[in-house]
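Notes follow the structure.
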2 protein chains.
Amino acid sequence: MDAQLKRGILDVCVLTAIKNEDSYGYKIIKDVKPVLELSESTLYTILKRLEETHMLVVRTIIHDGRIRKYYHITEKGLKRIEDFKNEWKELMDVYSFIMEENQ
Amino acid sequence: MDAQLKRGILDVCVLTAIKNEDSYGYKIIKDVKPVLELSESTLYTILKRLEETHMLVVRTIIHDGRIRKYYHITEKGLKRIEDFKNEWKELMDVYSFIMEENQ
DNA sequence: TCGTAATACATCATATCACGAGGTATTGTG
DNA sequence: CACAATACCTCGTGATATGATGTATTACGA
């Protein structure tokens, strides 16, 4: 998918991937990739941003001798998902505009 | 609407606004604004980009003593709209992913 | 045992792009 | 005569997706 179209949904996608169960970078990529192409550099950039904006909190553990950082969604992160649903409605209106004008 | 979410749809919106009938900047803003907030600086940036990428061609006329630049969509511009329809399908899959995980 | 894949993290530079602020010029109107 | 409307434009800034690159450990087949 076009990079521009991804903006505005990528962060919500990542939040969704950790919503029901805490997850970590490597796993998030595996979960999200089937539905939306997502590179490591992109994901870690997003995770950092989501942490800075308090959408999630991080917990570091050692698993099989490797660092693993678990991400847990916050109230603000959950609200971000809810807000997205309203944004999506607006997006649907724009889509209707595009479709109507193209019969 | 969030600026990030607009990316990827704004250019298609503008192309749609000139698809059925050639139009000019000032009118495009009036037509698109009810469905998607769009400032002059944003529009003229987009129009310039669409011209550079041969999505449209420009014709300048004088109307009531004022310059008016009419924009006409090209084959490439029409294809861009068609491509967007396919991108939208992918976007719907992502939306489903977000919704399913949030029951 | 040796190389390669898989697991798991991170940073940096670059390109793209929306948008506010600011600018120019003419016509219409109260 | 001032202000809105019409109509165009540029520049700087901030946000952000992504490829390239780097570090380190474990698993596994040849």
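Ordering of the structure tokens sets the chain letters (A, B, ...); residue numbers start at 1 within each chain; ligands are numbered from 1 in the order shown.
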
Problem set entry | At most 10 Å to chain A: residues in chain C, only C-alpha atoms (C1' of nucleotides), as a ChimeraX atom specification | /C:7-11,16-17

For this session: Skip B:Lys30 itself and residues of its chain fewer than 5 positions away, then list as a ChimeraX atom specification all residues within 12 Å of it, counting only C-alpha atoms (C1' of nucleotides).
Result: /B:14,17,23-25,35-40,43 /D:6

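Between B:Leu91 and the residues A:Tyr71, A:Arg7, A:Gly65, A:Lys19, the shortest atom-to-atom distance, using only C-alpha atoms, involves A:Arg7.
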
Sort by chain and increasing residue number a table of all residues of chain A within 8 Å of chain B, each with its closest pair of atoms and their distance in Å to one decimal, counting only C-alpha atoms, and write it as a tab-separated table.
residue	atom	partner	partner_atom	distance
A:Met1	CA	B:Glu87	CA	6.4
A:Asp2	CA	B:Gly8	CA	7.4
A:Ala3	CA	B:Gly8	CA	7.9
A:Gln4	CA	B:Gly8	CA	4.8
A:Leu5	CA	B:Gly8	CA	4.3
A:Lys6	CA	B:Leu5	CA	7.8
A:Arg7	CA	B:Gln4	CA	5.1
A:Gly8	CA	B:Leu5	CA	4.3
A:Ile9	CA	B:Leu5	CA	7.1
A:Val12	CA	B:Ile98	CA	7.6
A:Cys13	CA	B:Ile98	CA	6.3
A:Thr16	CA	B:Ile98	CA	5.9
A:Ala17	CA	B:Glu101	CA	7.8
A:Lys19	CA	B:Glu101	CA	7.7
A:Asn20	CA	B:Glu101	CA	7.4
A:Val35	CA	B:Val94	CA	5.9
A:Leu36	CA	B:Val94	CA	6.7
A:Glu87	CA	B:Met1	CA	6.5
A:Glu90	CA	B:Met1	CA	7.4
A:Asp93	CA	B:Val35	CA	6.8
A:Val94	CA	B:Val35	CA	5.9
A:Phe97	CA	B:Val35	CA	7.3
A:Ile98	CA	B:Thr16	CA	5.9
A:Glu101	CA	B:Thr16	CA	6.4
A:Asn102	CA	B:Thr16	CA	7.4

Could you write those residues out with N, CA and C atoms, as a PDB file, in the first residue's frame?
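Contents of selection_0.pdb, freshly written:
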ATOM      1  N   MET A   1       0.837  -1.209   0.000  1.00  0.00           N
ATOM      2  CA  MET A   1       0.000   0.000   0.000  1.00  0.00           C
ATOM      3  C   MET A   1       0.869   1.256   0.000  1.00  0.00           C
ATOM      4  N   ASP A   2       0.374   2.280  -0.633  1.00  0.00           N
ATOM      5  CA  ASP A   2       1.057   3.561  -0.699  1.00  0.00           C
ATOM      6  C   ASP A   2       1.377   4.094   0.701  1.00  0.00           C
ATOM      7  N   ALA A   3       2.610   4.581   0.847  1.00  0.00           N
ATOM      8  CA  ALA A   3       3.077   5.073   2.151  1.00  0.00           C
ATOM      9  C   ALA A   3       2.182   6.171   2.716  1.00  0.00           C
ATOM     10  N   GLN A   4       1.687   7.020   1.825  1.00  0.00           N
ATOM     11  CA  GLN A   4       0.872   8.151   2.288  1.00  0.00           C
ATOM     12  C   GLN A   4      -0.450   7.698   2.892  1.00  0.00           C
ATOM     13  N   LEU A   5      -1.010   6.671   2.272  1.00  0.00           N
ATOM     14  CA  LEU A   5      -2.305   6.170   2.737  1.00  0.00           C
ATOM     15  C   LEU A   5      -2.173   5.458   4.095  1.00  0.00           C
ATOM     16  N   LYS A   6      -0.958   4.966   4.364  1.00  0.00           N
ATOM     17  CA  LYS A   6      -0.718   4.254   5.623  1.00  0.00           C
ATOM     18  C   LYS A   6      -0.737   5.177   6.831  1.00  0.00           C
ATOM     19  N   ARG A   7      -0.297   6.400   6.574  1.00  0.00           N
ATOM     20  CA  ARG A   7      -0.231   7.358   7.679  1.00  0.00           C
ATOM     21  C   ARG A   7      -1.604   7.543   8.299  1.00  0.00           C
ATOM     22  N   GLY A   8      -1.663   7.563   9.566  1.00  0.00           N
ATOM     23  CA  GLY A   8      -2.946   7.785  10.221  1.00  0.00           C
ATOM     24  C   GLY A   8      -3.631   6.481  10.569  1.00  0.00           C
ATOM     25  N   ILE A   9      -3.193   5.365   9.924  1.00  0.00           N
ATOM     26  CA  ILE A   9      -3.763   4.076  10.325  1.00  0.00           C
ATOM     27  C   ILE A   9      -2.713   3.176  10.963  1.00  0.00           C
ATOM     28  N   VAL A  12      -2.653   3.233  14.792  1.00  0.00           N
ATOM     29  CA  VAL A  12      -3.853   2.571  15.321  1.00  0.00           C
ATOM     30  C   VAL A  12      -3.731   1.053  15.156  1.00  0.00           C
ATOM     31  N   CYS A  13      -3.122   0.630  14.056  1.00  0.00           N
ATOM     32  CA  CYS A  13      -2.873  -0.787  13.809  1.00  0.00           C
ATOM     33  C   CYS A  13      -1.987  -1.381  14.898  1.00  0.00           C
ATOM     34  N   THR A  16      -3.813  -1.623  18.097  1.00  0.00           N
ATOM     35  CA  THR A  16      -4.747  -2.747  18.025  1.00  0.00           C
ATOM     36  C   THR A  16      -4.034  -4.069  18.306  1.00  0.00           C
ATOM     37  N   ALA A  17      -2.806  -4.168  17.790  1.00  0.00           N
ATOM     38  CA  ALA A  17      -2.029  -5.404  17.936  1.00  0.00           C
ATOM     39  C   ALA A  17      -1.641  -5.695  19.384  1.00  0.00           C
ATOM     40  N   LYS A  19      -3.678  -4.448  21.947  1.00  0.00           N
ATOM     41  CA  LYS A  19      -4.847  -4.095  22.764  1.00  0.00           C
ATOM     42  C   LYS A  19      -5.330  -5.227  23.673  1.00  0.00           C
ATOM     43  N   ASN A  20      -5.524  -6.410  23.074  1.00  0.00           N
ATOM     44  CA  ASN A  20      -6.077  -7.513  23.855  1.00  0.00           C
ATOM     45  C   ASN A  20      -5.030  -8.243  24.695  1.00  0.00           C
ATOM     46  N   VAL A  35      -1.713  -8.171   7.193  1.00  0.00           N
ATOM     47  CA  VAL A  35      -2.771  -7.230   6.809  1.00  0.00           C
ATOM     48  C   VAL A  35      -2.216  -5.901   6.304  1.00  0.00           C
ATOM     49  N   LEU A  36      -0.993  -5.578   6.743  1.00  0.00           N
ATOM     50  CA  LEU A  36      -0.388  -4.310   6.334  1.00  0.00           C
ATOM     51  C   LEU A  36       1.130  -4.393   6.422  1.00  0.00           C
ATOM     52  N   GLU A  87     -12.912   9.208  13.080  1.00  0.00           N
ATOM     53  CA  GLU A  87     -12.159   9.675  11.919  1.00  0.00           C
ATOM     54  C   GLU A  87     -12.501   8.836  10.699  1.00  0.00           C
ATOM     55  N   GLU A  90     -15.540  10.046   8.910  1.00  0.00           N
ATOM     56  CA  GLU A  90     -15.244  11.194   8.047  1.00  0.00           C
ATOM     57  C   GLU A  90     -14.586  10.712   6.756  1.00  0.00           C
ATOM     58  N   ASP A  93     -17.017   9.447   4.299  1.00  0.00           N
ATOM     59  CA  ASP A  93     -17.706  10.528   3.596  1.00  0.00           C
ATOM     60  C   ASP A  93     -16.874  11.008   2.406  1.00  0.00           C
ATOM     61  N   VAL A  94     -15.566  11.105   2.631  1.00  0.00           N
ATOM     62  CA  VAL A  94     -14.670  11.516   1.555  1.00  0.00           C
ATOM     63  C   VAL A  94     -14.682  10.460   0.453  1.00  0.00           C
ATOM     64  N   PHE A  97     -17.699  10.802  -1.614  1.00  0.00           N
ATOM     65  CA  PHE A  97     -17.517  11.936  -2.522  1.00  0.00           C
ATOM     66  C   PHE A  97     -16.753  11.502  -3.767  1.00  0.00           C
ATOM     67  N   ILE A  98     -15.676  10.774  -3.564  1.00  0.00           N
ATOM     68  CA  ILE A  98     -14.849  10.300  -4.680  1.00  0.00           C
ATOM     69  C   ILE A  98     -15.646   9.340  -5.573  1.00  0.00           C
ATOM     70  N   GLU A 101     -18.683  11.050  -7.636  1.00  0.00           N
ATOM     71  CA  GLU A 101     -18.195  11.843  -8.755  1.00  0.00           C
ATOM     72  C   GLU A 101     -17.636  10.961  -9.878  1.00  0.00           C
ATOM     73  N   ASN A 102     -17.408   9.690  -9.530  1.00  0.00           N
ATOM     74  CA  ASN A 102     -16.928   8.759 -10.556  1.00  0.00           C
ATOM     75  C   ASN A 102     -17.980   7.673 -10.803  1.00  0.00           C
TER      76      ASN A 102
END

Problem set entry | Secondary structure check, alpha helix (DSSP H) residues of stretch 9-91 of chain A, as a VMD selection string | chain A and resid 10 to 19 25 to 32 40 to 52 75 to 91

Output for the residues just chosen: N, CA and C atoms as a CSV table (one decimal), in the first residue's frame:
chain,number,residue,atom,x,y,z
A,10,LEU,N,-1.4,3.4,10.6
A,10,LEU,CA,-0.4,2.6,11.1
A,10,LEU,C,-0.3,2.6,12.7
A,11,ASP,N,-0.4,3.7,13.3
A,11,ASP,CA,-0.3,3.8,14.7
A,11,ASP,C,-1.5,3.1,15.4
A,12,VAL,N,-2.7,3.2,14.8
A,12,VAL,CA,-3.9,2.6,15.3
A,12,VAL,C,-3.7,1.1,15.2
A,13,CYS,N,-3.1,0.6,14.1
A,13,CYS,CA,-2.9,-0.8,13.8
A,13,CYS,C,-2.0,-1.4,14.9
A,14,VAL,N,-0.9,-0.7,15.2
A,14,VAL,CA,0.0,-1.1,16.2
A,14,VAL,C,-0.7,-1.2,17.6
A,15,LEU,N,-1.5,-0.2,17.9
A,15,LEU,CA,-2.2,-0.2,19.2
A,15,LEU,C,-3.2,-1.3,19.2
A,16,THR,N,-3.8,-1.6,18.1
A,16,THR,CA,-4.7,-2.7,18.0
A,16,THR,C,-4.0,-4.1,18.3
A,17,ALA,N,-2.8,-4.2,17.8
A,17,ALA,CA,-2.0,-5.4,17.9
A,17,ALA,C,-1.6,-5.7,19.4
A,18,ILE,N,-1.7,-4.7,20.2
A,18,ILE,CA,-1.3,-4.9,21.6
A,18,ILE,C,-2.5,-4.7,22.6
A,19,LYS,N,-3.7,-4.4,21.9
A,19,LYS,CA,-4.8,-4.1,22.8
A,19,LYS,C,-5.3,-5.2,23.7
A,25,GLY,N,7.9,-6.1,19.9
A,25,GLY,CA,8.2,-5.7,18.5
A,25,GLY,C,8.1,-6.8,17.5
A,26,TYR,N,8.9,-7.8,17.7
A,26,TYR,CA,9.0,-8.9,16.8
A,26,TYR,C,7.7,-9.5,16.5
A,27,LYS,N,6.9,-9.7,17.5
A,27,LYS,CA,5.6,-10.4,17.4
A,27,LYS,C,4.6,-9.5,16.7
A,28,ILE,N,4.7,-8.2,17.0
A,28,ILE,CA,3.7,-7.2,16.4
A,28,ILE,C,3.9,-7.2,14.9
A,29,ILE,N,5.2,-7.3,14.5
A,29,ILE,CA,5.4,-7.3,13.0
A,29,ILE,C,4.8,-8.5,12.4
A,30,LYS,N,5.0,-9.7,13.0
A,30,LYS,CA,4.4,-10.9,12.5
A,30,LYS,C,2.9,-10.9,12.4
A,31,ASP,N,2.3,-10.2,13.4
A,31,ASP,CA,0.8,-10.1,13.5
A,31,ASP,C,0.2,-9.1,12.5
A,32,VAL,N,0.9,-8.0,12.3
A,32,VAL,CA,0.4,-6.9,11.5
A,32,VAL,C,0.7,-7.1,10.0
A,40,GLU,N,10.7,-3.2,10.2
A,40,GLU,CA,11.2,-3.1,11.6
A,40,GLU,C,11.4,-1.6,11.9
A,41,SER,N,12.1,-0.9,10.9
A,41,SER,CA,12.4,0.5,11.2
A,41,SER,C,11.2,1.3,11.4
A,42,THR,N,10.1,1.0,10.7
A,42,THR,CA,8.9,1.7,10.8
A,42,THR,C,8.2,1.4,12.2
A,43,LEU,N,8.2,0.1,12.5
A,43,LEU,CA,7.6,-0.2,13.8
A,43,LEU,C,8.2,0.4,15.0
A,44,TYR,N,9.5,0.3,15.0
A,44,TYR,CA,10.2,0.8,16.2
A,44,TYR,C,10.1,2.3,16.3
A,45,THR,N,10.0,3.0,15.2
A,45,THR,CA,9.8,4.4,15.2
A,45,THR,C,8.4,4.7,15.8
A,46,ILE,N,7.4,3.9,15.4
A,46,ILE,CA,6.1,4.1,15.8
A,46,ILE,C,6.0,3.8,17.3
A,47,LEU,N,6.6,2.7,17.7
A,47,LEU,CA,6.5,2.3,19.2
A,47,LEU,C,7.1,3.4,20.0
A,48,LYS,N,8.2,3.9,19.6
A,48,LYS,CA,8.9,5.0,20.3
A,48,LYS,C,7.9,6.2,20.5
A,49,ARG,N,7.3,6.6,19.3
A,49,ARG,CA,6.4,7.7,19.3
A,49,ARG,C,5.2,7.5,20.2
A,50,LEU,N,4.7,6.2,20.2
A,50,LEU,CA,3.5,5.9,21.0
A,50,LEU,C,3.8,5.9,22.5
A,51,GLU,N,5.1,5.6,22.8
A,51,GLU,CA,5.5,5.6,24.2
A,51,GLU,C,5.7,7.1,24.6
A,52,GLU,N,6.3,7.9,23.8
A,52,GLU,CA,6.5,9.3,24.1
A,52,GLU,C,5.2,10.1,24.3
A,75,GLU,N,-4.9,4.0,28.8
A,75,GLU,CA,-6.3,4.5,28.6
A,75,GLU,C,-6.2,5.5,27.4
A,76,LYS,N,-5.2,6.2,27.3
A,76,LYS,CA,-5.0,7.2,26.2
A,76,LYS,C,-4.9,6.5,24.9
A,77,GLY,N,-4.2,5.3,24.9
A,77,GLY,CA,-4.1,4.5,23.7
A,77,GLY,C,-5.4,3.9,23.3
A,78,LEU,N,-6.2,3.5,24.3
A,78,LEU,CA,-7.6,3.0,24.0
A,78,LEU,C,-8.5,4.1,23.4
A,79,LYS,N,-8.3,5.3,23.9
A,79,LYS,CA,-9.1,6.4,23.4
A,79,LYS,C,-8.7,6.8,22.0
A,80,ARG,N,-7.4,6.6,21.7
A,80,ARG,CA,-6.9,6.8,20.3
A,80,ARG,C,-7.6,5.9,19.3
A,81,ILE,N,-7.8,4.7,19.7
A,81,ILE,CA,-8.6,3.8,18.9
A,81,ILE,C,-10.0,4.2,18.7
A,82,GLU,N,-10.6,4.6,19.8
A,82,GLU,CA,-12.0,5.1,19.7
A,82,GLU,C,-12.1,6.3,18.8
A,83,ASP,N,-11.2,7.3,19.0
A,83,ASP,CA,-11.2,8.5,18.1
A,83,ASP,C,-11.0,8.1,16.7
A,84,PHE,N,-10.3,7.1,16.4
A,84,PHE,CA,-10.1,6.6,15.0
A,84,PHE,C,-11.4,6.2,14.4
A,85,LYS,N,-12.2,5.6,15.1
A,85,LYS,CA,-13.5,5.2,14.6
A,85,LYS,C,-14.3,6.3,14.1
A,86,ASN,N,-14.2,7.5,14.8
A,86,ASN,CA,-14.9,8.7,14.3
A,86,ASN,C,-14.2,9.3,13.1
A,87,GLU,N,-12.9,9.2,13.1
A,87,GLU,CA,-12.2,9.7,11.9
A,87,GLU,C,-12.5,8.8,10.7
A,88,TRP,N,-12.7,7.6,10.9
A,88,TRP,CA,-13.0,6.7,9.8
A,88,TRP,C,-14.4,7.1,9.2
A,89,LYS,N,-15.3,7.5,10.0
A,89,LYS,CA,-16.6,7.9,9.5
A,89,LYS,C,-16.4,9.1,8.5
A,90,GLU,N,-15.5,10.0,8.9
A,90,GLU,CA,-15.2,11.2,8.0
A,90,GLU,C,-14.6,10.7,6.8
A,91,LEU,N,-13.7,9.7,6.9
A,91,LEU,CA,-13.0,9.2,5.8
A,91,LEU,C,-14.0,8.5,4.8

For this session: One decimal, Å: what's the distance from atom CA of B:Met92 over to atom C1' of D:DA17, could you say?
Result: 20.1 Å

Exercise. Near chain B, which residues of chain D fall within 10 Å when you count only C-alpha atoms (C1' of nucleotides), and what do they look like as number ranges by chain?
Worked result: D: 6-10, 15-16

Taking N, CA and C atoms (P, O5', C5', C4', C3', O3' and C1' of nucleotides) for each residue, export the selection above as a PDB file, in the first residue's frame.
ATOM      1  P    DT D   6     -16.469  34.726  -3.521  1.00  0.00           P
ATOM      2  O5'  DT D   6     -15.313  35.050  -4.579  1.00  0.00           O
ATOM      3  C5'  DT D   6     -15.608  35.896  -5.679  1.00  0.00           C
ATOM      4  C4'  DT D   6     -14.360  36.188  -6.486  1.00  0.00           C
ATOM      5  C3'  DT D   6     -13.609  34.944  -6.996  1.00  0.00           C
ATOM      6  O3'  DT D   6     -13.415  35.098  -8.397  1.00  0.00           O
ATOM      7  C1'  DT D   6     -12.117  36.462  -6.020  1.00  0.00           C
ATOM      8  P    DA D   7     -13.090  33.814  -9.283  1.00  0.00           P
ATOM      9  O5'  DA D   7     -11.572  33.512  -8.909  1.00  0.00           O
ATOM     10  C5'  DA D   7     -10.534  33.915  -9.796  1.00  0.00           C
ATOM     11  C4'  DA D   7      -9.182  33.829  -9.169  1.00  0.00           C
ATOM     12  C3'  DA D   7      -8.692  32.482  -8.638  1.00  0.00           C
ATOM     13  O3'  DA D   7      -8.136  31.700  -9.688  1.00  0.00           O
ATOM     14  C1'  DA D   7      -7.758  34.386  -7.522  1.00  0.00           C
ATOM     15  P    DC D   8      -7.364  30.293  -9.250  1.00  0.00           P
ATOM     16  O5'  DC D   8      -5.882  30.806  -8.912  1.00  0.00           O
ATOM     17  C5'  DC D   8      -5.086  31.320  -9.964  1.00  0.00           C
ATOM     18  C4'  DC D   8      -3.944  32.160  -9.433  1.00  0.00           C
ATOM     19  C3'  DC D   8      -2.817  31.368  -8.764  1.00  0.00           C
ATOM     20  O3'  DC D   8      -1.958  30.813  -9.748  1.00  0.00           O
ATOM     21  C1'  DC D   8      -3.250  33.414  -7.624  1.00  0.00           C
ATOM     22  P    DC D   9      -0.974  29.616  -9.296  1.00  0.00           P
ATOM     23  O5'  DC D   9       0.047  30.264  -8.264  1.00  0.00           O
ATOM     24  C5'  DC D   9       0.939  31.292  -8.680  1.00  0.00           C
ATOM     25  C4'  DC D   9       1.748  31.752  -7.484  1.00  0.00           C
ATOM     26  C3'  DC D   9       2.556  30.629  -6.827  1.00  0.00           C
ATOM     27  O3'  DC D   9       3.873  30.670  -7.387  1.00  0.00           O
ATOM     28  C1'  DC D   9       1.557  32.109  -5.209  1.00  0.00           C
ATOM     29  P    DT D  10       4.960  29.611  -6.888  1.00  0.00           P
ATOM     30  O5'  DT D  10       5.494  30.183  -5.501  1.00  0.00           O
ATOM     31  C5'  DT D  10       5.989  31.506  -5.416  1.00  0.00           C
ATOM     32  C4'  DT D  10       6.621  31.704  -4.046  1.00  0.00           C
ATOM     33  C3'  DT D  10       7.574  30.580  -3.617  1.00  0.00           C
ATOM     34  O3'  DT D  10       8.708  31.172  -3.008  1.00  0.00           O
ATOM     35  C1'  DT D  10       5.866  30.841  -1.995  1.00  0.00           C
ATOM     36  P    DA D  15       5.862  18.050  15.245  1.00  0.00           P
ATOM     37  O5'  DA D  15       5.314  16.894  14.298  1.00  0.00           O
ATOM     38  C5'  DA D  15       4.066  17.061  13.646  1.00  0.00           C
ATOM     39  C4'  DA D  15       3.879  15.950  12.627  1.00  0.00           C
ATOM     40  C3'  DA D  15       4.274  14.573  13.164  1.00  0.00           C
ATOM     41  O3'  DA D  15       3.218  13.677  12.859  1.00  0.00           O
ATOM     42  C1'  DA D  15       5.415  15.032  11.130  1.00  0.00           C
ATOM     43  P    DT D  16       3.209  12.236  13.459  1.00  0.00           P
ATOM     44  O5'  DT D  16       3.933  11.396  12.320  1.00  0.00           O
ATOM     45  C5'  DT D  16       3.460  11.450  10.994  1.00  0.00           C
ATOM     46  C4'  DT D  16       4.373  10.668  10.081  1.00  0.00           C
ATOM     47  C3'  DT D  16       4.992   9.401  10.722  1.00  0.00           C
ATOM     48  O3'  DT D  16       4.907   8.356   9.789  1.00  0.00           O
ATOM     49  C1'  DT D  16       6.622  10.642   9.680  1.00  0.00           C
TER      50       DT D  16
END

Exercise. When DSSP works through the backbone of this structure, what residues of chain B end up as strand (DSSP E), shown as a ChimeraX atom specification?
Worked result: /B:23-24,56-63,66-73

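Atom C1' of D:DT26 is found 21.9 Å from atom CA of A:Arg59.
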
Problem set entry | Interatomic distance, atom C1' of D:DA5 to atom C1' of C:DT29 (Å, one decimal) | 9.8 Å
